[in-house]
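One file, protein_14.txt, carrying compact mmCIF, C-alpha atoms and all ligand atoms:
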# COMPACT_ATOMS: atom_id res chain seq x y z
CA MET K 257 0.00 0.00 0.00
CA LYS K 258 0.98 3.63 -0.46
CA LEU K 259 -0.14 6.70 1.45
CA THR K 260 0.10 10.13 -0.18
CA VAL K 261 -0.39 13.19 1.99
CA LEU K 262 -2.70 15.75 0.34
CA GLY K 263 -3.06 18.04 3.33
CA ASN K 264 -1.77 18.11 6.89
CA TYR K 265 -3.17 21.27 8.49
CA GLY K 266 -5.98 21.84 10.96
CA PRO K 267 -8.23 23.52 11.79
CA TYR K 268 -7.35 25.78 8.83
CA PRO K 269 -4.62 25.48 6.20
CA LYS K 270 -1.46 27.46 5.58
CA ALA K 271 -1.47 29.65 2.44
CA GLY K 272 -1.56 27.43 -0.64
CA CYS K 273 -2.00 24.23 1.40
CA ALA K 274 -4.87 21.97 2.48
CA CYS K 275 -6.41 20.54 5.64
CA SER K 276 -6.52 16.79 6.35
CA GLY K 277 -6.61 14.52 3.30
CA PHE K 278 -4.74 11.29 2.53
CA LEU K 279 -4.83 9.13 -0.56
CA LEU K 280 -4.38 5.44 0.19
CA THR K 281 -3.74 3.18 -2.77
CA SER K 282 -3.05 -0.54 -3.15
CA ASP K 283 -2.61 -2.69 -6.26
CA SER K 284 -6.31 -2.25 -7.04
CA ALA K 285 -7.96 0.16 -4.56
CA LYS K 286 -7.88 3.96 -4.42
CA VAL K 287 -9.36 5.44 -1.27
CA LEU K 288 -9.45 9.03 -0.03
CA ILE K 289 -9.23 9.26 3.74
CA ASP K 290 -10.62 12.62 4.96
CA CYS K 291 -11.50 15.43 2.61
CA GLY K 292 -10.78 18.72 4.39
CA SER K 293 -10.65 22.18 2.85
CA GLY K 294 -8.45 22.27 -0.25
CA VAL K 295 -8.15 18.50 -0.66
CA VAL K 296 -10.09 18.12 -3.93
CA GLY K 297 -7.59 20.30 -5.79
CA LYS K 298 -4.61 18.46 -4.29
CA LEU K 299 -6.15 15.03 -5.01
CA GLN K 300 -6.18 15.66 -8.75
CA GLN K 301 -2.41 16.14 -8.74
CA PHE K 302 -2.24 12.37 -8.18
CA ILE K 303 -5.36 10.70 -9.61
CA ASP K 304 -8.46 11.58 -11.63
CA ILE K 305 -11.61 11.82 -9.53
CA GLU K 306 -13.30 9.06 -11.54
CA GLU K 307 -10.62 6.62 -10.36
CA LEU K 308 -11.66 6.90 -6.68
CA ASP K 309 -13.22 3.74 -5.21
CA ALA K 310 -14.35 5.29 -1.93
CA VAL K 311 -14.01 8.10 0.58
CA ILE K 312 -13.71 7.47 4.32
CA LEU K 313 -14.23 10.36 6.73
CA SER K 314 -12.86 10.04 10.26
CA HIS K 315 -15.33 12.70 11.40
CA LEU K 316 -17.34 15.62 10.11
CA HIS K 317 -15.40 18.71 11.22
CA CYS K 318 -14.75 20.95 8.20
CA ASP K 319 -10.97 20.47 8.31
CA HIS K 320 -11.71 16.77 7.56
CA ALA K 321 -14.90 16.94 5.48
CA GLY K 322 -15.19 20.54 4.24
CA ASP K 323 -14.45 19.70 0.58
CA MET K 324 -17.04 16.90 0.34
CA LEU K 325 -19.72 18.94 -1.37
CA THR K 326 -17.18 20.20 -3.90
CA LEU K 327 -16.17 16.59 -4.48
CA GLY K 328 -19.87 15.82 -4.99
CA TYR K 329 -20.07 18.43 -7.77
CA ALA K 330 -17.06 16.86 -9.45
CA VAL K 331 -18.55 13.34 -9.23
CA ASP K 332 -21.89 14.66 -10.61
CA ILE K 333 -20.11 16.02 -13.66
CA LYS K 334 -18.04 12.86 -14.16
CA ILE K 335 -21.27 10.79 -14.09
CA LYS K 336 -23.01 13.16 -16.54
CA LYS K 337 -20.02 12.91 -18.87
CA GLN K 338 -20.16 9.10 -18.52
CA LEU K 339 -16.63 9.03 -17.15
CA ARG K 340 -18.01 7.32 -14.06
CA SER K 341 -20.96 4.94 -13.96
CA ALA K 342 -21.74 4.60 -10.25
CA PRO K 343 -22.07 6.99 -7.30
CA LEU K 344 -18.99 7.32 -5.11
CA LYS K 345 -19.06 5.20 -1.93
CA VAL K 346 -18.67 7.38 1.17
CA TYR K 347 -18.21 5.94 4.69
CA LEU K 348 -18.75 8.47 7.47
CA PRO K 349 -20.02 8.86 11.05
CA GLY K 350 -23.79 9.39 11.29
CA GLU K 351 -23.47 12.44 13.56
CA PRO K 352 -23.90 15.32 13.83
CA LEU K 353 -27.05 14.80 11.81
CA ASP K 354 -27.03 18.13 9.94
CA GLU K 355 -23.46 17.55 8.74
CA PHE K 356 -24.26 13.93 7.82
CA ASP K 357 -27.40 14.97 5.92
CA ARG K 358 -25.53 17.63 3.95
CA ILE K 359 -23.26 14.92 2.50
CA ALA K 360 -25.81 12.10 2.37
CA SER K 361 -28.26 14.23 0.35
CA ARG K 362 -25.91 14.28 -2.66
CA ALA K 363 -27.13 11.88 -5.35
CA SER K 364 -23.53 11.39 -6.46
CA PHE K 365 -22.67 9.71 -3.14
CA GLU K 366 -23.67 6.28 -1.83
CA VAL K 367 -23.24 6.75 1.91
CA SER K 368 -22.82 4.25 4.75
CA LYS K 369 -22.60 5.10 8.44
CA ILE K 370 -19.45 3.93 10.18
CA GLY K 371 -19.80 1.85 13.33
CA GLU K 372 -17.23 0.01 15.42
CA ASN K 373 -18.42 -3.34 14.13
CA MET K 374 -18.14 -2.38 10.49
CA GLN K 375 -15.59 -4.40 8.52
CA LEU K 376 -15.07 -3.19 5.01
CA GLU K 377 -13.57 -5.07 2.12
CA LEU K 378 -12.65 -2.72 -0.68
CA LYS K 379 -11.00 -4.72 -3.46
CA ASP K 380 -7.74 -6.00 -1.92
CA ILE K 381 -7.82 -4.06 1.38
CA GLN K 382 -9.65 -4.60 4.68
CA ILE K 383 -10.75 -1.64 6.79
CA THR K 384 -11.85 -1.52 10.44
CA PHE K 385 -12.79 1.30 12.81
CA LYS K 386 -12.52 2.31 16.47
CA GLU K 387 -14.41 5.17 18.08
CA MET K 388 -12.22 7.83 19.67
CA LYS K 389 -12.88 10.81 21.97
CA HIS K 390 -13.41 14.14 20.20
CA GLY K 391 -15.97 16.97 19.93
CA PHE K 392 -17.75 15.20 17.06
CA PRO K 393 -17.90 11.36 16.83
CA ASN K 394 -14.53 10.35 15.36
CA TYR K 395 -13.34 6.95 14.21
CA ALA K 396 -9.72 5.85 14.00
CA ILE K 397 -9.21 3.85 10.81
CA SER K 398 -7.13 0.71 10.21
CA VAL K 399 -6.34 -0.46 6.68
CA LYS K 400 -4.84 -3.90 6.17
CA LYS K 401 -3.45 -5.69 3.17
CA GLY K 402 -1.78 -9.04 3.71
CA ASN K 403 0.39 -8.63 6.81
CA ARG K 404 0.85 -4.85 6.41
CA ARG K 405 -1.28 -2.44 8.40
CA PHE K 406 -1.85 1.31 8.36
CA VAL K 407 -3.62 3.13 11.19
CA TYR K 408 -4.91 6.72 11.25
CA SER K 409 -6.11 8.36 14.46
CA GLY K 410 -8.41 11.05 13.04
CA ASP K 411 -8.83 13.69 15.77
CA THR K 412 -8.94 12.55 19.37
CA MET K 413 -8.08 13.20 22.97
CA PRO K 414 -5.70 10.71 24.58
CA ASN K 415 -7.32 7.32 25.15
CA ASP K 416 -6.15 3.75 25.68
CA GLY K 417 -8.36 2.54 22.83
CA LEU K 418 -6.00 4.19 20.36
CA ILE K 419 -2.97 2.42 21.86
CA GLU K 420 -4.70 -0.92 21.40
CA PHE K 421 -5.94 -0.06 17.91
CA ALA K 422 -2.50 1.13 16.69
CA LYS K 423 -0.73 -1.94 18.12
CA ASP K 424 2.24 -2.95 15.95
CA ALA K 425 1.03 -0.79 13.03
CA ASP K 426 3.54 -0.62 10.19
CA LEU K 427 2.62 3.02 9.67
CA PHE K 428 0.75 5.07 12.26
CA LEU K 429 -0.53 8.47 11.11
CA CYS K 430 -1.41 10.36 14.26
CA GLU K 431 -2.78 13.82 14.82
CA ALA K 432 -0.68 16.20 16.89
CA GLY K 433 -3.02 19.16 16.98
CA LEU K 434 -1.36 20.67 20.03
CA LEU K 435 1.97 21.21 21.72
CA GLU K 436 2.41 20.69 25.44
CA ARG K 437 2.63 24.47 25.95
CA ASP K 438 -0.83 24.87 24.32
CA GLU K 439 -2.28 22.14 26.45
CA LYS K 440 -1.49 24.19 29.55
CA CYS K 441 -3.76 27.02 28.39
CA ILE K 442 -6.36 25.23 26.23
CA ARG K 443 -7.47 21.64 26.73
CA ALA K 444 -8.77 21.16 23.24
CA MET K 445 -10.08 17.81 22.05
CA HIS K 446 -6.73 16.88 20.51
CA LEU K 447 -3.46 15.14 21.22
CA THR K 448 -0.27 17.04 21.88
CA ALA K 449 2.73 15.91 19.83
CA LYS K 450 4.15 14.38 23.00
CA GLU K 451 0.95 12.41 23.62
CA ALA K 452 1.02 11.21 20.01
CA GLY K 453 4.59 10.00 20.59
CA GLU K 454 3.61 8.27 23.84
CA ILE K 455 0.71 6.46 22.17
CA ALA K 456 2.94 5.35 19.28
CA GLU K 457 5.60 4.13 21.71
CA LYS K 458 3.12 2.17 23.87
CA ALA K 459 1.48 0.71 20.76
CA GLY K 460 4.83 -0.41 19.38
CA ALA K 461 4.03 1.34 16.07
CA LYS K 462 6.93 0.77 13.70
CA ARG K 463 6.76 4.15 12.04
CA LEU K 464 5.02 7.36 13.09
CA LEU K 465 3.82 10.21 10.90
CA LEU K 466 2.58 13.33 12.67
CA THR K 467 -0.16 15.47 11.14
CA HIS K 468 -2.78 18.19 11.89
CA PHE K 469 -0.55 21.24 12.34
CA LEU K 470 -1.40 24.82 13.09
CA PRO K 471 -0.09 26.96 10.21
CA ASP K 472 1.96 29.40 12.30
CA ILE K 473 3.99 26.86 14.30
CA LYS K 474 7.31 25.44 13.11
CA VAL K 475 6.98 21.72 12.54
CA THR K 476 10.28 21.10 14.36
CA HIS K 477 8.44 21.81 17.63
CA TYR K 478 6.09 18.87 16.97
CA ILE K 479 8.95 16.59 16.03
CA ASN K 480 11.00 17.49 19.10
CA GLU K 481 8.12 16.78 21.48
CA ALA K 482 7.23 13.42 19.97
CA ALA K 483 10.88 12.37 19.65
CA SER K 484 11.36 12.88 23.40
CA VAL K 485 9.12 9.85 24.08
CA TYR K 486 8.99 7.79 20.85
CA ASN K 487 11.93 5.61 19.83
CA GLY K 488 10.83 4.46 16.38
CA ILE K 489 11.11 6.04 12.95
CA MET K 490 9.23 9.30 12.89
CA GLU K 491 8.60 12.24 10.61
CA ILE K 492 6.14 14.95 9.69
CA ALA K 493 3.45 13.86 7.22
CA GLY K 494 4.89 15.92 4.36
CA GLU K 495 2.46 17.43 1.87
CA SER K 496 2.59 15.59 -1.49
CA LYS K 497 4.95 12.98 -0.03
CA THR K 498 4.21 9.28 -0.55
CA TYR K 499 4.93 6.66 2.09
CA PHE K 500 5.12 2.92 1.40
CA ILE K 501 3.39 0.62 3.86
ZN ZN V 601 -9.19 18.43 12.75
ZN ZN V 602 -11.92 17.50 14.60
Could I get this structure in the form of structure tokens?
Ligand SMILES: [Zn+2]
Ligand SMILES: [Zn+2]
Amino acid sequence: MKLTVLGNYGPYPKAGCACSGFLLTSDSAKVLIDCGSGVVGKLQQFIDIEELDAVILSHLHCDHAGDMLTLGYAVDIKIKKQLRSAPLKVYLPGEPLDEFDRIASRASFEVSKIGENMQLELKDIQITFKEMKHGFPNYAISVKKGNRRFVYSGDTMPNDGLIEFAKDADLFLCEAGLLERDEKCIRAMHLTAKEAGEIAEKAGAKRLLLTHFLPDIKVTHYINEAASVYNGIMEIAGESKTYFI
């Protein structure tokens, strides 16, 4: 499998960049994981929209789902031009209802609500979910092919469920929406970079990618915090970079 980073900012992007969006591809499947602001433009640098098999949304905050309606327009046009025959499969949490309905009402999407017991088979990959702790319902996502496994946290506060879910992941993409210094003044519903490192270390994740950065903070601060507690291979989820799993 391959993971290409389309956007790594939250809750708003840096100039010219995008919020959360990740293209996961295998020999036969092409899946977009999260579709935050700016992701549709970035996606087309790598594949045509008609090639997408499915979209999976960790949760419905705009920095993870804000470009979905724009994607819907694109899929509508591809269907009208007969470049695509079927609606695009979209897997997403069922709440909040108004956000869910906004996406589910698009005729170009075939939506399914994510639940913890859902096990998806999309061509040659298997996908499972685990509910996390965040302002909106958020599911961490595991993608498996053969004996290789990728895990993405979505947005979450620290919780032991994520340690268990990321156990021995070959690649663990984890949000680091905060630094420890922020945590002292705002307890937002996110992980600090240090907490992301601790979770990766306890889970025994083989490789850690940090994501979900505030635009005005140097990424070295995130790396330094996580590196103080995590002993594996670690880097920033670099925009437009591709990682092999
Ligand atoms: Zn976010
Ligand atoms: Zn969020």
Can I get the residues of chain K within 8 Å of ligand ZN 602 (chain V), each with the closest pair of atoms and their distance in Å to one decimal, using only C-alpha atoms and all ligand atoms, sorted chain first then ascending number, as CSV?
residue,atom,partner,partner_atom,distance
K:Pro267,CA,V:ZN602,ZN,7.6
K:His315,CA,V:ZN602,ZN,6.7
K:Leu316,CA,V:ZN602,ZN,7.3
K:His317,CA,V:ZN602,ZN,5.0
K:Cys318,CA,V:ZN602,ZN,7.8
K:Asp319,CA,V:ZN602,ZN,7.0
K:His320,CA,V:ZN602,ZN,7.1
K:His390,CA,V:ZN602,ZN,6.7
K:Gly391,CA,V:ZN602,ZN,6.7
K:Phe392,CA,V:ZN602,ZN,6.7
K:Asn394,CA,V:ZN602,ZN,7.6
K:Gly410,CA,V:ZN602,ZN,7.5
K:Asp411,CA,V:ZN602,ZN,5.0
K:Thr412,CA,V:ZN602,ZN,7.5
K:Met445,CA,V:ZN602,ZN,7.7
K:His446,CA,V:ZN602,ZN,7.9
Handout entry: CA of Phe469 in chain K to CA of Gly297 in chain K, straight-line distance in Å
Key =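 Atom-to-atom, CA of Gly297 in chain K and CA of Phe469 in chain K are spaced 19.5 Å apart.
Every protein, DNA or RNA residue with an atom at most 6 Å from range 496-499 of chain K, where all atoms listed in the file count and chain neighbours fewer than 2 positions away do not, is listed here: Lys258, Leu259, Thr260, Val261, Leu262 and Gly494 of chain K.
Neighbours of Asn415 in chain K closer than or equal to 9 Å, with only C-alpha atoms counted and sequence neighbours fewer than 6 positions away skipped, come out as Met388, Lys389 and Ile455 of chain K.
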Practice task
Skip range 336-352 of chain K itself and residues of its chain fewer than 6 positions away, then list as a list in words all residues within 7 Å of it, counting only C-alpha atoms.
Solution key: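 Result of the neighbour search: Glu306, Asp309, Ala310, Val311, Ile312, Leu313, Ser314, His315, Ser364, Phe365, Glu366, Val367, Ser368, Lys369, Ile370, Phe392 and Pro393 of chain K.
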Handout entry: Nearest to ligand ZN 601 (chain V) by atom-to-atom distance, counting all atoms listed in the file, from K:Tyr265, K:Tyr486, K:Phe428, K:Tyr329
Key =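 Residue with the minimum atom-to-atom distance to ligand ZN 601 (chain V): K:Tyr265.
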Problem - Residue contacts of Ala422 in chain K (9 Å, all atoms listed in the file) excluding same-chain residues fewer than 4 positions away, as a list in words - result: Ser398, Phe406, Val407, Tyr408, Ser409, Gly417, Leu418, Leu427, Phe428, Ile455, Ala456, Ala459, Gly460 and Ala461 of chain K
Exercise for the section: Please check which residues have atoms at most 8 Å from (-8.3, 8.3, 0.3) in the file's coordinates, counting all atoms listed in the file, and write them as a list in words. Expected result: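 Answer for this query, in the requested form: Gly277, Phe278, Leu279, Leu280, Thr281, Lys286, Val287, Leu288, Ile289, Asp290, Leu308, Ala310, Val311 and Ile312 of chain K.
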Same residues, C-alpha atoms, output as a PDB file, in the coordinates of the input:
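Output contents, as saved in out.pdb:
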ATOM      1  CA  GLY K 277      -6.610  14.520   3.300  1.00  0.00           C
ATOM      2  CA  PHE K 278      -4.740  11.290   2.530  1.00  0.00           C
ATOM      3  CA  LEU K 279      -4.830   9.130  -0.560  1.00  0.00           C
ATOM      4  CA  LEU K 280      -4.380   5.440   0.190  1.00  0.00           C
ATOM      5  CA  THR K 281      -3.740   3.180  -2.770  1.00  0.00           C
ATOM      6  CA  LYS K 286      -7.880   3.960  -4.420  1.00  0.00           C
ATOM      7  CA  VAL K 287      -9.360   5.440  -1.270  1.00  0.00           C
ATOM      8  CA  LEU K 288      -9.450   9.030  -0.030  1.00  0.00           C
ATOM      9  CA  ILE K 289      -9.230   9.260   3.740  1.00  0.00           C
ATOM     10  CA  ASP K 290     -10.620  12.620   4.960  1.00  0.00           C
ATOM     11  CA  LEU K 308     -11.660   6.900  -6.680  1.00  0.00           C
ATOM     12  CA  ALA K 310     -14.350   5.290  -1.930  1.00  0.00           C
ATOM     13  CA  VAL K 311     -14.010   8.100   0.580  1.00  0.00           C
ATOM     14  CA  ILE K 312     -13.710   7.470   4.320  1.00  0.00           C
TER      15      ILE K 312
END
Problem - Between CA of Asp426 in chain K and CA of Ala274 in chain K - distance in Å to one decimal - result: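 Atom-to-atom, CA of Ala274 in chain K and CA of Asp426 in chain K are spaced 25.3 Å apart.
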Handout entry: Shortest interatomic distance to Ala493 in chain K - which of K:Ser276, K:Pro269, K:Lys462, K:Val295, counting only C-alpha atoms
Key =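 Residue with the minimum atom-to-atom distance to Ala493 in chain K: K:Ser276.
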Problem - Residue nearest ligand ZN 601 (chain V) among K:Ile479, K:Glu431, K:Glu491, K:Gln382 (counting all atoms listed in the file) - result: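 Comparing K:Ile479, K:Glu431, K:Glu491, K:Gln382 against ligand ZN 601 (chain V), the winner is K:Glu431.
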Handout entry: One-decimal distance in Å that lies between CA of Ile492 in chain K and CA of Gly266 in chain K
Key =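 Answer for the CA of Gly266 in chain K to CA of Ile492 in chain K separation: 14.0 Å.
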Let me have the centre and edge lengths of the axis-aligned box enclosing all listed atoms of range 292-306 of chain K with 8 Å padding on every side, in Å to one decimal, as AutoDock Vina command-line options.
--center_x -7.8 --center_y 15.7 --center_z -3.6 --size_x 27.1 --size_y 29.2 --size_z 32.0
Handout entry: Nearest residue to Ala396 in chain K from the set K:Phe356, K:Phe500, K:Phe421, K:Tyr478 (distances using all atoms listed in the file)
Key =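 Between K:Phe356, K:Phe500, K:Phe421, K:Tyr478, the residue approaching Ala396 in chain K most closely is K:Phe421.
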Problem - Contact residues around Lys401 in chain K with all atoms listed in the file at 10 Å, ignoring same-chain residues under 3 positions, as a ChimeraX atom specification - result: /K:257,282-283,380-383,404-406,501
Exercise for the section: Go through K:Glu451, K:Leu353, K:Val296, K:Leu434 one by one, measure the shortest atom-to-atom distance of each to ligand ZN 601 (chain V) using all atoms listed in the file, and give the residue with the smallest value. Expected result: K:Leu434
Quick test: take range 355-379 of chain K, keep N, CA and C atoms, and write it as a PDB file, in the first residue's frame.
ATOM      1  N   GLU K 355     -24.666  17.722   9.577  1.00  0.00           N
ATOM      2  CA  GLU K 355     -23.457  17.554   8.744  1.00  0.00           C
ATOM      3  C   GLU K 355     -23.579  16.274   7.918  1.00  0.00           C
ATOM      4  N   PHE K 356     -24.065  15.199   8.531  1.00  0.00           N
ATOM      5  CA  PHE K 356     -24.259  13.935   7.821  1.00  0.00           C
ATOM      6  C   PHE K 356     -25.234  14.127   6.652  1.00  0.00           C
ATOM      7  N   ASP K 357     -26.361  14.800   6.949  1.00  0.00           N
ATOM      8  CA  ASP K 357     -27.400  14.971   5.917  1.00  0.00           C
ATOM      9  C   ASP K 357     -26.900  15.784   4.727  1.00  0.00           C
ATOM     10  N   ARG K 358     -26.074  16.788   5.017  1.00  0.00           N
ATOM     11  CA  ARG K 358     -25.532  17.633   3.946  1.00  0.00           C
ATOM     12  C   ARG K 358     -24.792  16.767   2.911  1.00  0.00           C
ATOM     13  N   ILE K 359     -24.039  15.792   3.392  1.00  0.00           N
ATOM     14  CA  ILE K 359     -23.259  14.922   2.500  1.00  0.00           C
ATOM     15  C   ILE K 359     -24.158  13.825   1.926  1.00  0.00           C
ATOM     16  N   ALA K 360     -24.981  13.235   2.798  1.00  0.00           N
ATOM     17  CA  ALA K 360     -25.813  12.098   2.371  1.00  0.00           C
ATOM     18  C   ALA K 360     -26.851  12.498   1.325  1.00  0.00           C
ATOM     19  N   SER K 361     -27.214  13.791   1.291  1.00  0.00           N
ATOM     20  CA  SER K 361     -28.256  14.233   0.351  1.00  0.00           C
ATOM     21  C   SER K 361     -27.754  14.306  -1.098  1.00  0.00           C
ATOM     22  N   ARG K 362     -26.445  14.216  -1.294  1.00  0.00           N
ATOM     23  CA  ARG K 362     -25.906  14.284  -2.658  1.00  0.00           C
ATOM     24  C   ARG K 362     -26.184  12.982  -3.406  1.00  0.00           C
ATOM     25  N   ALA K 363     -26.815  13.088  -4.569  1.00  0.00           N
ATOM     26  CA  ALA K 363     -27.132  11.882  -5.350  1.00  0.00           C
ATOM     27  C   ALA K 363     -25.864  11.203  -5.864  1.00  0.00           C
ATOM     28  N   SER K 364     -24.779  11.952  -5.936  1.00  0.00           N
ATOM     29  CA  SER K 364     -23.527  11.387  -6.463  1.00  0.00           C
ATOM     30  C   SER K 364     -22.789  10.531  -5.426  1.00  0.00           C
ATOM     31  N   PHE K 365     -23.300  10.514  -4.191  1.00  0.00           N
ATOM     32  CA  PHE K 365     -22.668   9.707  -3.138  1.00  0.00           C
ATOM     33  C   PHE K 365     -23.574   8.545  -2.722  1.00  0.00           C
ATOM     34  N   GLU K 366     -22.959   7.414  -2.445  1.00  0.00           N
ATOM     35  CA  GLU K 366     -23.671   6.280  -1.831  1.00  0.00           C
ATOM     36  C   GLU K 366     -23.103   6.148  -0.427  1.00  0.00           C
ATOM     37  N   VAL K 367     -23.840   6.619   0.586  1.00  0.00           N
ATOM     38  CA  VAL K 367     -23.240   6.753   1.912  1.00  0.00           C
ATOM     39  C   VAL K 367     -23.562   5.560   2.817  1.00  0.00           C
ATOM     40  N   SER K 368     -22.624   5.258   3.708  1.00  0.00           N
ATOM     41  CA  SER K 368     -22.820   4.252   4.753  1.00  0.00           C
ATOM     42  C   SER K 368     -22.278   4.816   6.051  1.00  0.00           C
ATOM     43  N   LYS K 369     -23.053   4.614   7.140  1.00  0.00           N
ATOM     44  CA  LYS K 369     -22.602   5.099   8.444  1.00  0.00           C
ATOM     45  C   LYS K 369     -21.557   4.162   9.026  1.00  0.00           C
ATOM     46  N   ILE K 370     -20.481   4.745   9.541  1.00  0.00           N
ATOM     47  CA  ILE K 370     -19.446   3.931  10.185  1.00  0.00           C
ATOM     48  C   ILE K 370     -19.909   3.536  11.583  1.00  0.00           C
ATOM     49  N   GLY K 371     -19.613   2.303  11.966  1.00  0.00           N
ATOM     50  CA  GLY K 371     -19.805   1.848  13.332  1.00  0.00           C
ATOM     51  C   GLY K 371     -18.607   0.984  13.699  1.00  0.00           C
ATOM     52  N   GLU K 372     -18.416   0.766  15.002  1.00  0.00           N
ATOM     53  CA  GLU K 372     -17.227   0.009  15.421  1.00  0.00           C
ATOM     54  C   GLU K 372     -17.205  -1.411  14.880  1.00  0.00           C
ATOM     55  N   ASN K 373     -18.391  -1.954  14.605  1.00  0.00           N
ATOM     56  CA  ASN K 373     -18.420  -3.342  14.132  1.00  0.00           C
ATOM     57  C   ASN K 373     -18.298  -3.472  12.619  1.00  0.00           C
ATOM     58  N   MET K 374     -18.202  -2.334  11.953  1.00  0.00           N
ATOM     59  CA  MET K 374     -18.138  -2.381  10.492  1.00  0.00           C
ATOM     60  C   MET K 374     -16.772  -2.921  10.040  1.00  0.00           C
ATOM     61  N   GLN K 375     -16.817  -3.879   9.125  1.00  0.00           N
ATOM     62  CA  GLN K 375     -15.590  -4.398   8.518  1.00  0.00           C
ATOM     63  C   GLN K 375     -15.760  -4.273   7.019  1.00  0.00           C
ATOM     64  N   LEU K 376     -14.936  -3.458   6.441  1.00  0.00           N
ATOM     65  CA  LEU K 376     -15.071  -3.185   5.013  1.00  0.00           C
ATOM     66  C   LEU K 376     -14.042  -3.956   4.207  1.00  0.00           C
ATOM     67  N   GLU K 377     -14.496  -4.487   3.089  1.00  0.00           N
ATOM     68  CA  GLU K 377     -13.567  -5.075   2.120  1.00  0.00           C
ATOM     69  C   GLU K 377     -13.674  -4.213   0.872  1.00  0.00           C
ATOM     70  N   LEU K 378     -12.649  -3.510   0.550  1.00  0.00           N
ATOM     71  CA  LEU K 378     -12.647  -2.718  -0.682  1.00  0.00           C
ATOM     72  C   LEU K 378     -11.547  -3.274  -1.579  1.00  0.00           C
ATOM     73  N   LYS K 379     -11.961  -4.033  -2.586  1.00  0.00           N
ATOM     74  CA  LYS K 379     -11.005  -4.715  -3.461  1.00  0.00           C
ATOM     75  C   LYS K 379     -10.012  -5.514  -2.617  1.00  0.00           C
TER      76      LYS K 379
END
